[in-house]
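J.: Sharing entry_17.cif here; it has mmCIF, C-alpha atoms.
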```cif
data_data
#
loop_
_atom_site.group_PDB
_atom_site.id
_atom_site.type_symbol
_atom_site.label_atom_id
_atom_site.label_comp_id
_atom_site.auth_asym_id
_atom_site.auth_seq_id
_atom_site.Cartn_x
_atom_site.Cartn_y
_atom_site.Cartn_z
ATOM 1 C CA MET A 140 -8.880 -2.792 8.519
ATOM 2 C CA ALA A 141 -6.515 -5.612 7.586
ATOM 3 C CA LYS A 142 -9.489 -7.921 6.863
ATOM 4 C CA ALA A 143 -10.709 -5.667 4.053
ATOM 5 C CA GLU A 144 -9.533 -6.116 0.468
ATOM 6 C CA THR A 145 -8.588 -3.168 -1.740
ATOM 7 C CA ALA A 146 -10.552 -4.627 -4.668
ATOM 8 C CA THR A 147 -13.685 -4.785 -2.526
ATOM 9 C CA ILE A 148 -13.274 -1.140 -1.561
ATOM 10 C CA GLY A 149 -12.817 -0.453 -5.289
ATOM 11 C CA HIS A 150 -16.458 -1.437 -5.863
ATOM 12 C CA VAL A 151 -17.630 1.661 -3.992
ATOM 13 C CA GLU A 152 -14.700 4.079 -3.869
ATOM 14 C CA HIS A 153 -12.590 5.387 -6.753
ATOM 15 C CA LEU A 154 -10.434 8.064 -5.130
ATOM 16 C CA GLY A 155 -7.482 7.190 -2.918
ATOM 17 C CA PHE A 156 -5.968 4.403 -4.993
ATOM 18 C CA VAL A 157 -2.251 4.567 -5.687
ATOM 19 C CA SER A 158 -1.861 3.997 -9.441
ATOM 20 C CA ARG A 159 -1.990 0.438 -10.711
ATOM 21 C CA GLY A 160 1.696 0.291 -11.645
ATOM 22 C CA VAL A 161 2.621 0.195 -7.949
ATOM 23 C CA LEU A 162 2.681 -3.523 -7.088
ATOM 24 C CA PRO A 163 4.086 -5.714 -4.309
ATOM 25 C CA VAL A 164 7.616 -7.088 -4.621
ATOM 26 C CA PHE A 165 6.188 -10.352 -3.260
ATOM 27 C CA PRO A 166 2.554 -11.265 -2.507
ATOM 28 C CA ALA A 167 1.644 -9.483 0.714
ATOM 29 C CA LYS A 168 -1.012 -7.628 2.646
ATOM 30 C CA ALA A 169 -0.493 -4.853 5.204
ATOM 31 C CA ALA A 170 -2.384 -2.041 6.897
ATOM 32 C CA GLY A 171 -1.018 0.858 8.899
ATOM 33 C CA SER A 172 -0.642 4.588 9.408
ATOM 34 C CA ALA A 173 1.178 6.740 6.838
ATOM 35 C CA ILE A 174 4.503 8.408 7.482
ATOM 36 C CA THR A 175 5.049 10.405 4.293
ATOM 37 C CA VAL A 176 8.268 11.289 2.487
ATOM 38 C CA ALA A 177 8.837 13.478 -0.553
ATOM 39 C CA ALA A 178 12.137 12.203 -1.948
ATOM 40 C CA THR A 179 14.007 13.782 -4.832
ATOM 41 C CA GLY A 180 16.701 12.522 -7.160
ATOM 42 C CA ARG A 181 19.552 10.534 -5.671
ATOM 43 C CA ASP A 182 19.092 11.847 -2.124
ATOM 44 C CA GLY A 183 18.853 8.865 0.228
ATOM 45 C CA THR A 184 19.391 10.942 3.366
ATOM 46 C CA VAL A 185 15.733 11.955 3.657
ATOM 47 C CA ILE A 186 14.665 8.289 3.545
ATOM 48 C CA TYR A 187 16.852 7.320 6.494
ATOM 49 C CA ARG A 188 15.728 10.397 8.438
ATOM 50 C CA ALA A 189 12.138 9.227 7.970
ATOM 51 C CA VAL A 190 13.065 5.686 9.018
ATOM 52 C CA ASP A 191 14.329 7.067 12.329
ATOM 53 C CA LEU A 192 10.832 8.457 13.013
ATOM 54 C CA LEU A 193 8.946 5.213 12.368
ATOM 55 C CA MET A 194 6.891 3.587 15.111
ATOM 56 C CA PRO A 195 5.285 0.132 15.217
ATOM 57 C CA GLY A 196 2.284 0.019 12.878
ATOM 58 C CA ASP A 197 3.533 2.796 10.602
ATOM 59 C CA PHE A 198 3.540 2.509 6.802
ATOM 60 C CA LEU A 199 6.311 4.418 5.016
ATOM 61 C CA VAL A 200 4.817 6.162 1.956
ATOM 62 C CA ILE A 201 7.405 7.620 -0.415
ATOM 63 C CA ALA A 202 6.602 10.040 -3.224
ATOM 64 C CA ARG A 203 9.348 10.192 -5.844
ATOM 65 C CA VAL A 204 9.058 13.868 -6.665
ATOM 66 C CA ASP A 205 11.123 13.650 -9.861
ATOM 67 C CA GLY A 206 9.270 10.630 -11.240
ATOM 68 C CA ASP A 207 12.618 9.104 -12.189
ATOM 69 C CA ASP A 208 13.907 5.526 -12.316
ATOM 70 C CA ILE A 209 16.135 5.804 -9.241
ATOM 71 C CA ALA A 210 15.461 3.289 -6.458
ATOM 72 C CA CYS A 211 15.339 4.815 -2.980
ATOM 73 C CA VAL A 212 14.542 1.550 -1.174
ATOM 74 C CA GLY A 213 16.647 -1.591 -1.102
ATOM 75 C CA GLY A 214 17.638 -4.276 1.351
ATOM 76 C CA GLY A 215 19.189 -1.831 3.828
ATOM 77 C CA VAL A 216 16.128 0.421 4.039
ATOM 78 C CA ALA A 217 13.772 -2.583 4.251
ATOM 79 C CA THR A 218 15.838 -4.057 7.098
ATOM 80 C CA ALA A 219 15.824 -0.743 8.989
ATOM 81 C CA VAL A 220 12.080 -0.203 8.457
ATOM 82 C CA LYS A 221 11.246 -3.702 9.670
ATOM 83 C CA ALA A 222 13.460 -3.259 12.751
ATOM 84 C CA ARG A 223 11.432 -0.157 13.685
ATOM 85 C CA GLY A 224 8.210 -2.218 13.685
ATOM 86 C CA ALA A 225 6.702 -0.600 10.587
ATOM 87 C CA VAL A 226 4.355 -2.752 8.496
ATOM 88 C CA GLY A 227 5.449 -1.859 4.965
ATOM 89 C CA ILE A 228 6.650 0.606 2.358
ATOM 90 C CA VAL A 229 4.893 2.112 -0.657
ATOM 91 C CA ILE A 230 6.955 3.922 -3.302
ATOM 92 C CA ASP A 231 5.721 5.498 -6.527
ATOM 93 C CA GLY A 232 9.085 4.577 -8.005
ATOM 94 C CA PRO A 233 11.268 1.488 -8.238
ATOM 95 C CA CYS A 234 13.093 -0.443 -5.544
ATOM 96 C CA THR A 235 16.337 -2.394 -5.738
ATOM 97 C CA ASP A 236 17.549 -5.589 -4.036
ATOM 98 C CA ALA A 237 14.244 -7.392 -4.647
ATOM 99 C CA GLU A 238 15.541 -10.719 -3.343
ATOM 100 C CA GLU A 239 16.948 -9.117 -0.219
ATOM 101 C CA ILE A 240 13.665 -7.281 0.396
ATOM 102 C CA THR A 241 11.799 -10.567 0.024
ATOM 103 C CA GLN A 242 14.133 -12.212 2.540
ATOM 104 C CA THR A 243 13.421 -9.494 5.113
ATOM 105 C CA GLY A 244 9.717 -10.319 4.893
ATOM 106 C CA LEU A 245 8.834 -6.619 4.907
ATOM 107 C CA PRO A 246 6.101 -5.923 2.322
ATOM 108 C CA VAL A 247 7.139 -3.337 -0.267
ATOM 109 C CA TRP A 248 4.959 -1.945 -3.060
ATOM 110 C CA CYS A 249 6.769 -0.169 -5.906
ATOM 111 C CA ARG A 250 7.026 0.486 -9.660
ATOM 112 C CA GLY A 251 9.394 -2.306 -10.618
ATOM 113 C CA ILE A 252 13.108 -2.745 -10.036
ATOM 114 C CA SER A 253 16.090 -0.500 -10.827
ATOM 115 C CA SER A 254 19.860 -0.783 -10.477
ATOM 116 C CA LYS A 255 20.153 3.023 -10.177
ATOM 117 C CA THR A 256 20.039 3.927 -6.501
ATOM 118 C CA THR A 257 20.144 6.820 -4.057
ATOM 119 C CA ASN A 258 22.977 7.377 -1.602
ATOM 120 C CA ARG A 259 23.448 9.199 1.686
ATOM 121 C CA ARG A 260 26.316 11.393 0.439
ATOM 122 C CA ILE A 261 23.898 13.520 -1.562
ATOM 123 C CA SER A 262 21.556 15.685 0.474
ATOM 124 C CA ILE A 263 19.147 17.668 -1.686
ATOM 125 C CA GLY A 264 16.377 17.952 0.843
ATOM 126 C CA GLY A 265 12.921 16.542 0.458
ATOM 127 C CA ALA A 266 10.256 16.558 3.138
ATOM 128 C CA ILE A 267 8.949 14.276 5.871
ATOM 129 C CA ASN A 268 5.375 14.133 7.169
ATOM 130 C CA GLU A 269 4.000 16.629 4.676
ATOM 131 C CA PRO A 270 1.118 15.955 2.254
ATOM 132 C CA VAL A 271 2.405 14.078 -0.819
ATOM 133 C CA ALA A 272 1.080 12.659 -4.068
ATOM 134 C CA CYS A 273 2.029 8.990 -4.278
ATOM 135 C CA GLY A 274 1.042 7.314 -7.517
ATOM 136 C CA SER A 275 -1.562 10.064 -8.120
ATOM 137 C CA ALA A 276 -3.169 9.544 -4.691
ATOM 138 C CA ALA A 277 -3.073 12.327 -2.106
ATOM 139 C CA VAL A 278 -1.565 11.028 1.133
ATOM 140 C CA LEU A 279 -1.465 13.040 4.350
ATOM 141 C CA PRO A 280 0.568 12.031 7.396
ATOM 142 C CA GLY A 281 -1.531 9.702 9.543
ATOM 143 C CA TYR A 282 -3.746 8.526 6.688
ATOM 144 C CA ALA A 283 -4.683 4.868 6.863
ATOM 145 C CA VAL A 284 -2.944 2.705 4.259
ATOM 146 C CA LEU A 285 -4.287 -0.654 3.085
ATOM 147 C CA ALA A 286 -2.188 -2.626 0.599
ATOM 148 C CA ASP A 287 -2.522 -6.098 -0.871
ATOM 149 C CA ARG A 288 -1.810 -8.009 -4.097
ATOM 150 C CA GLU A 289 -4.366 -5.928 -6.014
ATOM 151 C CA GLY A 290 -3.098 -2.503 -5.036
ATOM 152 C CA VAL A 291 -2.761 0.242 -2.456
ATOM 153 C CA PHE A 292 -5.577 2.375 -1.039
ATOM 154 C CA VAL A 293 -5.205 5.395 1.262
ATOM 155 C CA ALA A 294 -7.822 7.429 3.117
ATOM 156 C CA PRO A 295 -8.368 9.421 6.295
ATOM 157 C CA ARG A 296 -8.542 6.945 9.187
ATOM 158 C CA GLU A 297 -12.269 7.256 9.991
ATOM 159 C CA HIS A 298 -13.256 7.022 6.331
ATOM 160 C CA MET A 299 -11.028 3.957 5.924
ATOM 161 C CA LEU A 300 -12.657 2.262 8.903
ATOM 162 C CA THR A 301 -16.127 2.916 7.479
ATOM 163 C CA LEU A 302 -15.091 1.563 4.086
ATOM 164 C CA ALA A 303 -13.357 -1.442 5.667
ATOM 165 C CA ARG A 304 -16.468 -2.417 7.635
ATOM 166 C CA GLY A 305 -18.562 -2.229 4.469
ATOM 167 C CA ALA A 306 -15.944 -4.190 2.531
ATOM 168 C CA ILE A 307 -15.838 -6.984 5.090
ATOM 169 C CA ALA A 308 -19.648 -7.327 4.955
ATOM 170 C CA ARG A 309 -19.530 -7.378 1.159
ATOM 171 C CA GLN A 310 -16.744 -9.993 1.180
ATOM 172 C CA GLU A 311 -18.894 -12.271 3.342
ATOM 173 C CA ILE A 312 -21.712 -12.009 0.802
ATOM 174 C CA SER A 313 -19.209 -12.660 -2.008
ATOM 175 C CA VAL A 314 -18.394 -16.065 -0.527
ATOM 176 C CA ALA A 315 -22.057 -17.033 -0.859
ATOM 177 C CA VAL A 316 -22.212 -15.543 -4.378
ATOM 178 C CA ARG A 317 -19.254 -17.642 -5.476
ATOM 179 C CA ARG A 318 -20.822 -20.811 -4.065
ATOM 180 C CA HIS A 319 -23.981 -19.931 -5.999
ATOM 181 C CA LEU A 320 -22.070 -19.287 -9.244
ATOM 182 C CA ALA A 321 -20.034 -22.489 -8.830
ATOM 183 C CA THR A 322 -23.267 -24.464 -9.233
ATOM 184 C CA GLY A 323 -23.743 -22.981 -12.702
ATOM 185 C CA ARG A 324 -26.628 -20.709 -11.729
ATOM 186 C CA SER A 325 -27.019 -17.107 -12.879
ATOM 187 C CA ILE A 326 -25.932 -14.188 -10.741
ATOM 188 C CA PHE A 327 -29.424 -12.800 -11.265
ATOM 189 C CA GLU A 328 -30.907 -15.753 -9.372
ATOM 190 C CA PHE A 329 -28.809 -15.088 -6.274
ATOM 191 C CA GLN A 330 -30.618 -14.076 -3.107
ATOM 192 C CA PRO A 331 -28.673 -13.309 0.085
ATOM 193 C CA GLU A 332 -29.521 -15.842 2.813
ATOM 194 C CA SER A 333 -31.186 -13.187 4.973
ATOM 195 C CA GLN A 334 -33.761 -12.635 2.203
ATOM 196 C CA SER A 335 -34.348 -16.272 1.199
#
```
With the file now loaded, output its structure as structure tokens.
T.:
Amino acid sequence: MAKAETATIGHVEHLGFVSRGVLPVFPAKAAGSAITVAATGRDGTVIYRAVDLLMPGDFLVIARVDGDDIACVGGGVATAVKARGAVGIVIDGPCTDAEEITQTGLPVWCRGISSKTTNRRISIGGAINEPVACGSAAVLPGYAVLADREGVFVAPREHMLTLARGAIARQEISVAVRRHLATGRSIFEFQPESQS
């Protein structure tokens, strides 16, 4: 799955993409299994409760229910998530502590940066491992998550594996296409090697 590129999947699939405003804090690529969180307002408690459930290979997917500009992930959350062996975080809201997140090396995809943050003294509720909408994509617990510099794609595991296999084959052909185009020839003259 990690060998596939989201943009290659985007040639054949249009559903399952987290909206384009959700971008990596630093250039990164990660693939894993979704642990979902519906987080509201300034409540940071639900985030840390979800962190405690993470297993190696998990991808924390956070839906900001209120659609506000409050960051629910910063250096502390990134450090805790990495320590649990998770592969990354996706938030359909902002993060904070961008430099600290970068230093942890944990890939984080978000909608920009904010100085307004959650805290653990406020406990509104939220939900963990329930279906969520993250950046207009439906994400169920256990969905496969693939994220890179171009975006974030989510899908049921078996569907993701099928798409990833097709994407990898297409990417191999793309290498030959680019070599062909680099010589100044037309795309319409390209013939895959198996047919030439």
J.: Rounded to one decimal in Å, what is the spacing between atom CA of A:Arg203 and atom CA of A:Glu297?
T.: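 Atom CA of A:Glu297 lies 27.0 Å from atom CA of A:Arg203.
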J.: Give me the residues within 10 Å of A:Ser172 as number ranges by chain, counting only C-alpha atoms and dropping any in the same chain fewer than 4 places off.
T.: A: 194-200, 225-227, 279-285, 293-296
J.: Atom CA of A:Ser275 to atom CA of A:Leu300: how many Å, to one decimal?
T.: 21.8 Å
J.: I'd like to know which of A:Thr184, A:His319, A:Val229, A:His153 is closest to A:Ala170, using all atoms listed in the file.
T.: A:Val229
J.: Per residue of stretch 148-244 of chain A within 7 Å of stretch 252-274 of chain A, what are the shortest atom pair and its distance in Å to one decimal, counting all atoms listed in the file, with rows by chain and residue number, as a Markdown table?
T.:
```
| residue | atom | partner | partner_atom | distance |
| --- | --- | --- | --- | --- |
| A:Val157 | CA | A:Gly274 | CA | 4.7 |
| A:Ser158 | CA | A:Gly274 | CA | 4.8 |
| A:Ile174 | CA | A:Asn268 | CA | 5.8 |
| A:Thr175 | CA | A:Asn268 | CA | 4.7 |
| A:Val176 | CA | A:Ile267 | CA | 4.6 |
| A:Ala177 | CA | A:Ala266 | CA | 5.0 |
| A:Ala178 | CA | A:Gly265 | CA | 5.0 |
| A:Thr179 | CA | A:Gly265 | CA | 6.1 |
| A:Arg181 | CA | A:Thr257 | CA | 4.1 |
| A:Asp182 | CA | A:Ile261 | CA | 5.1 |
| A:Gly183 | CA | A:Asn258 | CA | 4.8 |
| A:Thr184 | CA | A:Arg259 | CA | 4.7 |
| A:Val185 | CA | A:Gly265 | CA | 6.3 |
| A:Ala189 | CA | A:Ile267 | CA | 6.3 |
| A:Ile201 | CA | A:Cys273 | CA | 6.8 |
| A:Ala202 | CA | A:Cys273 | CA | 4.8 |
| A:Asp208 | CA | A:Ser253 | CA | 6.6 |
| A:Ile209 | CA | A:Lys255 | CA | 5.0 |
| A:Ala210 | CA | A:Thr256 | CA | 4.6 |
| A:Cys211 | CA | A:Thr257 | CA | 5.3 |
| A:Asp231 | CA | A:Gly274 | CA | 5.1 |
| A:Pro233 | CA | A:Ile252 | CA | 5.0 |
| A:Cys234 | CA | A:Ile252 | CA | 5.0 |
| A:Thr235 | CA | A:Ile252 | CA | 5.4 |
```
J.: Which residues are near A:Thr145? Cut-off 10 Å, only C-alpha atoms, ignore same chain within fewer than 5 positions. Put them as a list in words.
T.: His150, Glu152, Phe156, Lys168, Leu285, Ala286, Asp287, Arg288, Glu289, Gly290, Val291, Phe292, Val293, Leu302, Ala303 and Ala306 of chain A
J.: Mind pulling up the distance from atom CA of A:Met140 to atom CA of A:Val314?
T.: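 Atom CA of A:Met140 lies 18.7 Å from atom CA of A:Val314.
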J.: Using the chain letters and residue numbers of this document, give as an NGL selection string the residues selected by the PyMOL selection byres ((chain A and resi 329) around 12).
T.: :A and (312-328 or 330-335)
J.: Enumerate, as a VMD selection string, the protein, DNA and RNA residues whose atoms approach (14.9, -0.2, 5.1) to within 12 Å, taking into account only C-alpha atoms and the coordinate frame of the file.
T.: chain A and resid 183 186 to 191 193 198 to 199 211 to 229 234 to 236 239 to 241 243 to 247
J.: As AutoDock Vina command-line options, please report the centre and edge lengths, rounded to one decimal in Å, of the axis-aligned box that holds all listed atoms of stretch 253-267 of chain A with 6 Å of padding on each of the six sides.
T.:
```
--center_x 17.6 --center_y 8.6 --center_z -2.5 --size_x 29.4 --size_y 30.7 --size_z 28.7
```
J.: Have a look at A:Ala169, A:Leu154, A:Val204, A:Val164 and name the one nearest to A:Lys142; count all atoms listed in the file.
T.: A:Ala169
